[in-house]
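Colleague: Would you mind keeping the following structure in view while I ask a few things?
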Amino acid sequence: MVRKEQGHLQNRLSVLRAERKWSQKQVAEMLGVSRQTIVSLENNRYSPSLKLAFEIASLFETTLHDVFQYEMKEKEE
């Protein structure tokens, strides 16, 4: 039995956006991406490029770690 670590990226984008009362469209326009990109990010269906991740953190005046978390899970093989 071998255990291999698996993980996925989670984010707080919807929470940070709601705190500022910004719409998905507004955030998309400020970042220069489509609203669908914001929807996909908020639903954890899309992992941003490192550049976009930094731009998101900068937009919300916070750190990458405050916006994105990588959650590790163990998987049996």
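Lettering and numbering for the structure tokens are positional, with chains as A, B, ... in the shown order, residues counted from 1 in each chain, and ligands counted from 1 in the shown order.
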Could you pull out the residues in chain A that DSSP calls alpha helix (DSSP H) from the backbone, as a JSON list (two decimals) with all heavy atoms, in the first residue's frame?

Modeller:
[["chain", "number", "residue", "atom", "x", "y", "z"],
["A", 13, "LEU", "N", -11.69, 33.97, -3.04],
["A", 13, "LEU", "CA", -12.03, 35.05, -3.95],
["A", 13, "LEU", "C", -13.45, 35.56, -3.74],
["A", 13, "LEU", "O", -13.68, 36.77, -3.65],
["A", 13, "LEU", "CB", -11.81, 34.61, -5.40],
["A", 13, "LEU", "CG", -12.02, 35.65, -6.49],
["A", 13, "LEU", "CD1", -11.16, 36.87, -6.24],
["A", 13, "LEU", "CD2", -11.71, 35.05, -7.84],
["A", 14, "SER", "N", -14.42, 34.67, -3.63],
["A", 14, "SER", "CA", -15.81, 35.11, -3.47],
["A", 14, "SER", "C", -16.01, 35.87, -2.15],
["A", 14, "SER", "O", -16.77, 36.84, -2.09],
["A", 14, "SER", "CB", -16.78, 33.94, -3.58],
["A", 14, "SER", "OG", -16.54, 33.01, -2.57],
["A", 15, "VAL", "N", -15.32, 35.44, -1.10],
["A", 15, "VAL", "CA", -15.42, 36.10, 0.20],
["A", 15, "VAL", "C", -14.82, 37.51, 0.12],
["A", 15, "VAL", "O", -15.44, 38.49, 0.56],
["A", 15, "VAL", "CB", -14.71, 35.28, 1.29],
["A", 15, "VAL", "CG1", -14.64, 36.05, 2.61],
["A", 15, "VAL", "CG2", -15.39, 33.93, 1.48],
["A", 16, "LEU", "N", -13.62, 37.60, -0.44],
["A", 16, "LEU", "CA", -12.96, 38.90, -0.56],
["A", 16, "LEU", "C", -13.76, 39.85, -1.44],
["A", 16, "LEU", "O", -13.88, 41.03, -1.14],
["A", 16, "LEU", "CB", -11.55, 38.71, -1.13],
["A", 16, "LEU", "CG", -10.58, 37.94, -0.23],
["A", 16, "LEU", "CD1", -9.33, 37.56, -1.00],
["A", 16, "LEU", "CD2", -10.24, 38.74, 1.00],
["A", 17, "ARG", "N", -14.34, 39.31, -2.51],
["A", 17, "ARG", "CA", -15.14, 40.10, -3.43],
["A", 17, "ARG", "C", -16.40, 40.61, -2.72],
["A", 17, "ARG", "O", -16.76, 41.79, -2.81],
["A", 17, "ARG", "CB", -15.50, 39.25, -4.65],
["A", 17, "ARG", "CG", -16.23, 40.00, -5.73],
["A", 17, "ARG", "CD", -16.44, 39.12, -6.94],
["A", 17, "ARG", "NE", -17.18, 37.90, -6.67],
["A", 17, "ARG", "CZ", -18.50, 37.85, -6.45],
["A", 17, "ARG", "NH1", -19.22, 38.95, -6.45],
["A", 17, "ARG", "NH2", -19.09, 36.70, -6.23],
["A", 18, "ALA", "N", -17.06, 39.74, -1.97],
["A", 18, "ALA", "CA", -18.29, 40.10, -1.25],
["A", 18, "ALA", "C", -18.01, 41.16, -0.19],
["A", 18, "ALA", "O", -18.82, 42.06, 0.02],
["A", 18, "ALA", "CB", -18.91, 38.87, -0.63],
["A", 19, "GLU", "N", -16.87, 41.06, 0.48],
["A", 19, "GLU", "CA", -16.52, 42.05, 1.51],
["A", 19, "GLU", "C", -16.45, 43.46, 0.92],
["A", 19, "GLU", "O", -16.75, 44.44, 1.59],
["A", 19, "GLU", "CB", -15.17, 41.70, 2.14],
["A", 19, "GLU", "CG", -15.22, 40.51, 3.06],
["A", 19, "GLU", "CD", -13.86, 40.08, 3.55],
["A", 19, "GLU", "OE1", -12.83, 40.63, 3.10],
["A", 19, "GLU", "OE2", -13.82, 39.17, 4.40],
["A", 24, "GLN", "N", -18.79, 40.05, -9.90],
["A", 24, "GLN", "CA", -17.84, 39.25, -10.66],
["A", 24, "GLN", "C", -17.38, 40.02, -11.90],
["A", 24, "GLN", "O", -16.21, 39.98, -12.26],
["A", 24, "GLN", "CB", -18.47, 37.92, -11.07],
["A", 24, "GLN", "CG", -18.70, 37.00, -9.90],
["A", 24, "GLN", "CD", -19.48, 35.76, -10.27],
["A", 24, "GLN", "OE1", -20.26, 35.76, -11.22],
["A", 24, "GLN", "NE2", -19.28, 34.70, -9.51],
["A", 25, "LYS", "N", -18.31, 40.73, -12.51],
["A", 25, "LYS", "CA", -17.98, 41.51, -13.70],
["A", 25, "LYS", "C", -16.97, 42.61, -13.37],
["A", 25, "LYS", "O", -16.02, 42.83, -14.13],
["A", 25, "LYS", "CB", -19.25, 42.12, -14.30],
["A", 25, "LYS", "CG", -19.00, 42.91, -15.56],
["A", 25, "LYS", "CD", -20.29, 43.47, -16.13],
["A", 25, "LYS", "CE", -19.98, 44.28, -17.38],
["A", 25, "LYS", "NZ", -21.16, 44.92, -17.93],
["A", 26, "GLN", "N", -17.16, 43.30, -12.25],
["A", 26, "GLN", "CA", -16.24, 44.36, -11.86],
["A", 26, "GLN", "C", -14.83, 43.81, -11.63],
["A", 26, "GLN", "O", -13.85, 44.39, -12.09],
["A", 26, "GLN", "CB", -16.71, 45.06, -10.58],
["A", 26, "GLN", "CG", -17.91, 45.94, -10.78],
["A", 26, "GLN", "CD", -18.45, 46.46, -9.46],
["A", 26, "GLN", "OE1", -18.72, 45.69, -8.53],
["A", 26, "GLN", "NE2", -18.62, 47.77, -9.37],
["A", 27, "VAL", "N", -14.74, 42.69, -10.93],
["A", 27, "VAL", "CA", -13.44, 42.08, -10.66],
["A", 27, "VAL", "C", -12.79, 41.65, -11.97],
["A", 27, "VAL", "O", -11.60, 41.88, -12.20],
["A", 27, "VAL", "CB", -13.57, 40.90, -9.68],
["A", 27, "VAL", "CG1", -12.26, 40.13, -9.55],
["A", 27, "VAL", "CG2", -14.03, 41.40, -8.31],
["A", 28, "ALA", "N", -13.57, 41.05, -12.84],
["A", 28, "ALA", "CA", -13.05, 40.62, -14.14],
["A", 28, "ALA", "C", -12.49, 41.80, -14.92],
["A", 28, "ALA", "O", -11.38, 41.71, -15.48],
["A", 28, "ALA", "CB", -14.15, 39.92, -14.94],
["A", 29, "GLU", "N", -13.22, 42.89, -14.95],
["A", 29, "GLU", "CA", -12.76, 44.08, -15.67],
["A", 29, "GLU", "C", -11.48, 44.64, -15.07],
["A", 29, "GLU", "O", -10.56, 45.04, -15.78],
["A", 29, "GLU", "CB", -13.86, 45.14, -15.70],
["A", 29, "GLU", "CG", -15.00, 44.77, -16.62],
["A", 29, "GLU", "CD", -16.19, 45.72, -16.53],
["A", 29, "GLU", "OE1", -16.20, 46.63, -15.67],
["A", 29, "GLU", "OE2", -17.13, 45.53, -17.32],
["A", 30, "MET", "N", -11.40, 44.68, -13.74],
["A", 30, "MET", "CA", -10.20, 45.20, -13.08],
["A", 30, "MET", "C", -8.97, 44.33, -13.35],
["A", 30, "MET", "O", -7.85, 44.83, -13.39],
["A", 30, "MET", "CB", -10.43, 45.34, -11.57],
["A", 30, "MET", "CG", -11.36, 46.48, -11.22],
["A", 30, "MET", "SD", -11.54, 46.70, -9.44],
["A", 30, "MET", "CE", -12.93, 45.63, -9.08],
["A", 31, "LEU", "N", -9.21, 43.03, -13.53],
["A", 31, "LEU", "CA", -8.11, 42.09, -13.78],
["A", 31, "LEU", "C", -7.84, 41.87, -15.26],
["A", 31, "LEU", "O", -6.84, 41.25, -15.62],
["A", 31, "LEU", "CB", -8.40, 40.74, -13.11],
["A", 31, "LEU", "CG", -8.41, 40.75, -11.58],
["A", 31, "LEU", "CD1", -8.96, 39.43, -11.06],
["A", 31, "LEU", "CD2", -7.01, 41.01, -11.04],
["A", 35, "ARG", "N", -15.64, 37.44, -17.14],
["A", 35, "ARG", "CA", -16.43, 37.12, -15.94],
["A", 35, "ARG", "C", -16.44, 35.62, -15.73],
["A", 35, "ARG", "O", -16.42, 35.14, -14.59],
["A", 35, "ARG", "CB", -17.86, 37.66, -16.09],
["A", 35, "ARG", "CG", -18.66, 37.53, -14.77],
["A", 35, "ARG", "CD", -20.11, 37.90, -14.93],
["A", 35, "ARG", "NE", -20.83, 36.97, -15.76],
["A", 35, "ARG", "CZ", -21.29, 35.77, -15.35],
["A", 35, "ARG", "NH1", -21.10, 35.37, -14.12],
["A", 35, "ARG", "NH2", -21.97, 35.00, -16.18],
["A", 36, "GLN", "N", -16.44, 34.85, -16.82],
["A", 36, "GLN", "CA", -16.44, 33.38, -16.71],
["A", 36, "GLN", "C", -15.17, 32.89, -16.00],
["A", 36, "GLN", "O", -15.22, 31.91, -15.27],
["A", 36, "GLN", "CB", -16.57, 32.73, -18.09],
["A", 36, "GLN", "CG", -16.76, 31.23, -18.03],
["A", 36, "GLN", "CD", -17.95, 30.80, -17.20],
["A", 36, "GLN", "OE1", -19.02, 31.40, -17.28],
["A", 36, "GLN", "NE2", -17.79, 29.77, -16.39],
["A", 37, "THR", "N", -14.05, 33.58, -16.20],
["A", 37, "THR", "CA", -12.82, 33.21, -15.49],
["A", 37, "THR", "C", -13.01, 33.37, -14.00],
["A", 37, "THR", "O", -12.62, 32.50, -13.21],
["A", 37, "THR", "CB", -11.64, 34.07, -15.98],
["A", 37, "THR", "OG1", -11.41, 33.80, -17.36],
["A", 37, "THR", "CG2", -10.37, 33.78, -15.19],
["A", 38, "ILE", "N", -13.66, 34.46, -13.58],
["A", 38, "ILE", "CA", -13.91, 34.69, -12.16],
["A", 38, "ILE", "C", -14.86, 33.62, -11.61],
["A", 38, "ILE", "O", -14.64, 33.08, -10.52],
["A", 38, "ILE", "CB", -14.47, 36.11, -11.92],
["A", 38, "ILE", "CG1", -13.50, 37.18, -12.45],
["A", 38, "ILE", "CG2", -14.78, 36.33, -10.44],
["A", 38, "ILE", "CD1", -12.10, 37.11, -11.89],
["A", 39, "VAL", "N", -15.90, 33.30, -12.36],
["A", 39, "VAL", "CA", -16.85, 32.24, -11.96],
["A", 39, "VAL", "C", -16.09, 30.93, -11.77],
["A", 39, "VAL", "O", -16.25, 30.23, -10.76],
["A", 39, "VAL", "CB", -17.98, 32.08, -13.00],
["A", 39, "VAL", "CG1", -18.81, 30.83, -12.71],
["A", 39, "VAL", "CG2", -18.85, 33.31, -13.04],
["A", 40, "SER", "N", -15.25, 30.56, -12.73],
["A", 40, "SER", "CA", -14.49, 29.31, -12.66],
["A", 40, "SER", "C", -13.52, 29.31, -11.48],
["A", 40, "SER", "O", -13.36, 28.29, -10.81],
["A", 40, "SER", "CB", -13.74, 29.07, -13.96],
["A", 40, "SER", "OG", -14.65, 28.85, -15.01],
["A", 41, "LEU", "N", -12.87, 30.43, -11.22],
["A", 41, "LEU", "CA", -11.97, 30.53, -10.08],
["A", 41, "LEU", "C", -12.73, 30.34, -8.77],
["A", 41, "LEU", "O", -12.31, 29.56, -7.90],
["A", 41, "LEU", "CB", -11.28, 31.90, -10.06],
["A", 41, "LEU", "CG", -10.13, 32.11, -11.02],
["A", 41, "LEU", "CD1", -9.79, 33.58, -11.14],
["A", 41, "LEU", "CD2", -8.91, 31.32, -10.56],
["A", 42, "GLU", "N", -13.85, 31.04, -8.64],
["A", 42, "GLU", "CA", -14.63, 30.96, -7.40],
["A", 42, "GLU", "C", -15.18, 29.56, -7.16],
["A", 42, "GLU", "O", -15.35, 29.16, -6.01],
["A", 42, "GLU", "CB", -15.78, 31.97, -7.43],
["A", 42, "GLU", "CG", -15.30, 33.40, -7.28],
["A", 42, "GLU", "CD", -16.43, 34.40, -7.19],
["A", 42, "GLU", "OE1", -17.61, 34.02, -7.27],
["A", 42, "GLU", "OE2", -16.12, 35.60, -7.03],
["A", 50, "LEU", "N", 0.41, 31.95, -12.23],
["A", 50, "LEU", "CA", 1.06, 32.62, -11.11],
["A", 50, "LEU", "C", 0.91, 34.14, -11.24],
["A", 50, "LEU", "O", 0.64, 34.84, -10.25],
["A", 50, "LEU", "CB", 2.54, 32.23, -11.05],
["A", 50, "LEU", "CG", 3.32, 32.70, -9.85],
["A", 50, "LEU", "CD1", 2.65, 32.25, -8.55],
["A", 50, "LEU", "CD2", 4.74, 32.20, -9.93],
["A", 51, "LYS", "N", 1.02, 34.65, -12.46],
["A", 51, "LYS", "CA", 0.86, 36.09, -12.71],
["A", 51, "LYS", "C", -0.53, 36.56, -12.29],
["A", 51, "LYS", "O", -0.68, 37.55, -11.59],
["A", 51, "LYS", "CB", 1.10, 36.38, -14.18],
["A", 51, "LYS", "CG", 0.95, 37.85, -14.55],
["A", 51, "LYS", "CD", 1.21, 38.04, -16.06],
["A", 51, "LYS", "CE", 1.09, 39.48, -16.48],
["A", 51, "LYS", "NZ", -0.27, 39.98, -16.56],
["A", 52, "LEU", "N", -1.57, 35.83, -12.72],
["A", 52, "LEU", "CA", -2.94, 36.20, -12.36],
["A", 52, "LEU", "C", -3.16, 36.09, -10.85],
["A", 52, "LEU", "O", -3.82, 36.94, -10.25],
["A", 52, "LEU", "CB", -3.96, 35.35, -13.12],
["A", 52, "LEU", "CG", -5.43, 35.66, -12.84],
["A", 52, "LEU", "CD1", -5.77, 37.13, -13.09],
["A", 52, "LEU", "CD2", -6.32, 34.74, -13.68],
["A", 53, "ALA", "N", -2.60, 35.07, -10.23],
["A", 53, "ALA", "CA", -2.73, 34.91, -8.78],
["A", 53, "ALA", "C", -2.16, 36.12, -8.05],
["A", 53, "ALA", "O", -2.77, 36.66, -7.12],
["A", 53, "ALA", "CB", -2.05, 33.63, -8.32],
["A", 54, "PHE", "N", -0.98, 36.59, -8.49],
["A", 54, "PHE", "CA", -0.38, 37.78, -7.88],
["A", 54, "PHE", "C", -1.23, 39.01, -8.13],
["A", 54, "PHE", "O", -1.39, 39.86, -7.25],
["A", 54, "PHE", "CB", 1.04, 38.01, -8.40],
["A", 54, "PHE", "CG", 2.10, 37.27, -7.62],
["A", 54, "PHE", "CD1", 2.71, 36.15, -8.16],
["A", 54, "PHE", "CD2", 2.48, 37.69, -6.36],
["A", 54, "PHE", "CE1", 3.68, 35.46, -7.46],
["A", 54, "PHE", "CE2", 3.45, 37.01, -5.64],
["A", 54, "PHE", "CZ", 4.05, 35.89, -6.19],
["A", 55, "GLU", "N", -1.79, 39.13, -9.34],
["A", 55, "GLU", "CA", -2.64, 40.27, -9.66],
["A", 55, "GLU", "C", -3.90, 40.28, -8.79],
["A", 55, "GLU", "O", -4.35, 41.34, -8.35],
["A", 55, "GLU", "CB", -3.01, 40.26, -11.14],
["A", 55, "GLU", "CG", -1.83, 40.60, -12.03],
["A", 55, "GLU", "CD", -2.09, 40.38, -13.51],
["A", 55, "GLU", "OE1", -3.11, 39.75, -13.88],
["A", 55, "GLU", "OE2", -1.26, 40.84, -14.32],
["A", 56, "ILE", "N", -4.47, 39.11, -8.54],
["A", 56, "ILE", "CA", -5.65, 39.01, -7.68],
["A", 56, "ILE", "C", -5.31, 39.45, -6.26],
["A", 56, "ILE", "O", -6.02, 40.24, -5.65],
["A", 56, "ILE", "CB", -6.23, 37.57, -7.70],
["A", 56, "ILE", "CG1", -6.82, 37.27, -9.07],
["A", 56, "ILE", "CG2", -7.26, 37.38, -6.59],
["A", 56, "ILE", "CD1", -7.15, 35.80, -9.31],
["A", 57, "ALA", "N", -4.20, 38.92, -5.73],
["A", 57, "ALA", "CA", -3.78, 39.31, -4.37],
["A", 57, "ALA", "C", -3.54, 40.81, -4.29],
["A", 57, "ALA", "O", -3.95, 41.47, -3.33],
["A", 57, "ALA", "CB", -2.53, 38.54, -3.98],
["A", 58, "SER", "N", -2.91, 41.37, -5.31],
["A", 58, "SER", "CA", -2.64, 42.81, -5.33],
["A", 58, "SER", "C", -3.94, 43.61, -5.38],
["A", 58, "SER", "O", -4.08, 44.61, -4.67],
["A", 58, "SER", "CB", -1.76, 43.14, -6.53],
["A", 58, "SER", "OG", -1.51, 44.52, -6.60],
["A", 59, "LEU", "N", -4.88, 43.17, -6.21],
["A", 59, "LEU", "CA", -6.17, 43.86, -6.31],
["A", 59, "LEU", "C", -6.86, 43.95, -4.96],
["A", 59, "LEU", "O", -7.43, 44.97, -4.60],
["A", 59, "LEU", "CB", -7.07, 43.13, -7.32],
["A", 59, "LEU", "CG", -8.49, 43.68, -7.48],
["A", 59, "LEU", "CD1", -8.45, 45.08, -8.09],
["A", 59, "LEU", "CD2", -9.33, 42.75, -8.35],
["A", 64, "LEU", "N", -0.80, 36.33, -1.37],
["A", 64, "LEU", "CA", -1.25, 35.13, -2.09],
["A", 64, "LEU", "C", -1.83, 34.12, -1.11],
["A", 64, "LEU", "O", -2.86, 33.51, -1.39],
["A", 64, "LEU", "CB", -0.08, 34.47, -2.82],
["A", 64, "LEU", "CG", 0.31, 35.01, -4.16],
["A", 64, "LEU", "CD1", 1.54, 34.28, -4.68],
["A", 64, "LEU", "CD2", -0.82, 34.89, -5.15],
["A", 65, "HIS", "N", -1.16, 33.96, 0.01],
["A", 65, "HIS", "CA", -1.61, 32.97, 0.99],
["A", 65, "HIS", "C", -2.98, 33.30, 1.57],
["A", 65, "HIS", "O", -3.74, 32.40, 1.92],
["A", 65, "HIS", "CB", -0.58, 32.84, 2.12],
["A", 65, "HIS", "CG", -0.89, 31.76, 3.09],
["A", 65, "HIS", "ND1", -0.79, 30.43, 2.76],
["A", 65, "HIS", "CD2", -1.35, 31.80, 4.35],
["A", 65, "HIS", "CE1", -1.16, 29.69, 3.80],
["A", 65, "HIS", "NE2", -1.50, 30.50, 4.78],
["A", 66, "ASP", "N", -3.32, 34.57, 1.64],
["A", 66, "ASP", "CA", -4.63, 34.95, 2.15],
["A", 66, "ASP", "C", -5.74, 34.66, 1.13],
["A", 66, "ASP", "O", -6.88, 34.45, 1.51],
["A", 66, "ASP", "CB", -4.65, 36.43, 2.54],
["A", 66, "ASP", "CG", -5.91, 36.80, 3.30],
["A", 66, "ASP", "OD1", -6.30, 36.04, 4.22],
["A", 66, "ASP", "OD2", -6.51, 37.84, 2.98],
["A", 67, "VAL", "N", -5.38, 34.63, -0.15],
["A", 67, "VAL", "CA", -6.36, 34.38, -1.20],
["A", 67, "VAL", "C", -6.42, 32.88, -1.55],
["A", 67, "VAL", "O", -7.50, 32.31, -1.68],
["A", 67, "VAL", "CB", -6.05, 35.18, -2.48],
["A", 67, "VAL", "CG1", -7.10, 34.91, -3.56],
["A", 67, "VAL", "CG2", -5.96, 36.66, -2.20]]

Colleague: Per DSSP on the backbone, filter chain A down to the residues in strand (DSSP E) and report them as a ChimeraX atom specification.

Modeller: /A:3-11,68-76

Colleague: Taking C-alpha atoms for each residue, export the selection above as a short mmCIF file (atom, residue, chain, number, x, y, z; two decimals), in the first residue's frame.

Modeller:
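Resulting contents of part.cif:
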data_model
loop_
_atom_site.label_atom_id
_atom_site.label_comp_id
_atom_site.auth_asym_id
_atom_site.auth_seq_id
_atom_site.Cartn_x
_atom_site.Cartn_y
_atom_site.Cartn_z
CA ARG A 3 0.33 6.62 -0.20
CA LYS A 4 0.70 9.45 -2.63
CA GLU A 5 -0.17 13.00 -1.63
CA GLN A 6 -2.79 14.71 -3.75
CA GLY A 7 -4.09 18.19 -3.35
CA HIS A 8 -6.13 20.96 -4.83
CA LEU A 9 -6.11 24.73 -4.81
CA GLN A 10 -8.82 26.50 -2.82
CA ASN A 11 -9.42 30.23 -2.76
CA PHE A 68 -5.18 30.88 -2.16
CA GLN A 69 -4.57 27.76 -0.11
CA TYR A 70 -3.27 24.41 -1.35
CA GLU A 71 -4.96 21.58 0.50
CA MET A 72 -3.11 18.27 0.61
CA LYS A 73 -4.93 14.96 0.76
CA GLU A 74 -3.53 11.46 0.94
CA LYS A 75 -4.61 8.92 -1.62
CA GLU A 76 -4.25 5.17 -1.46
#
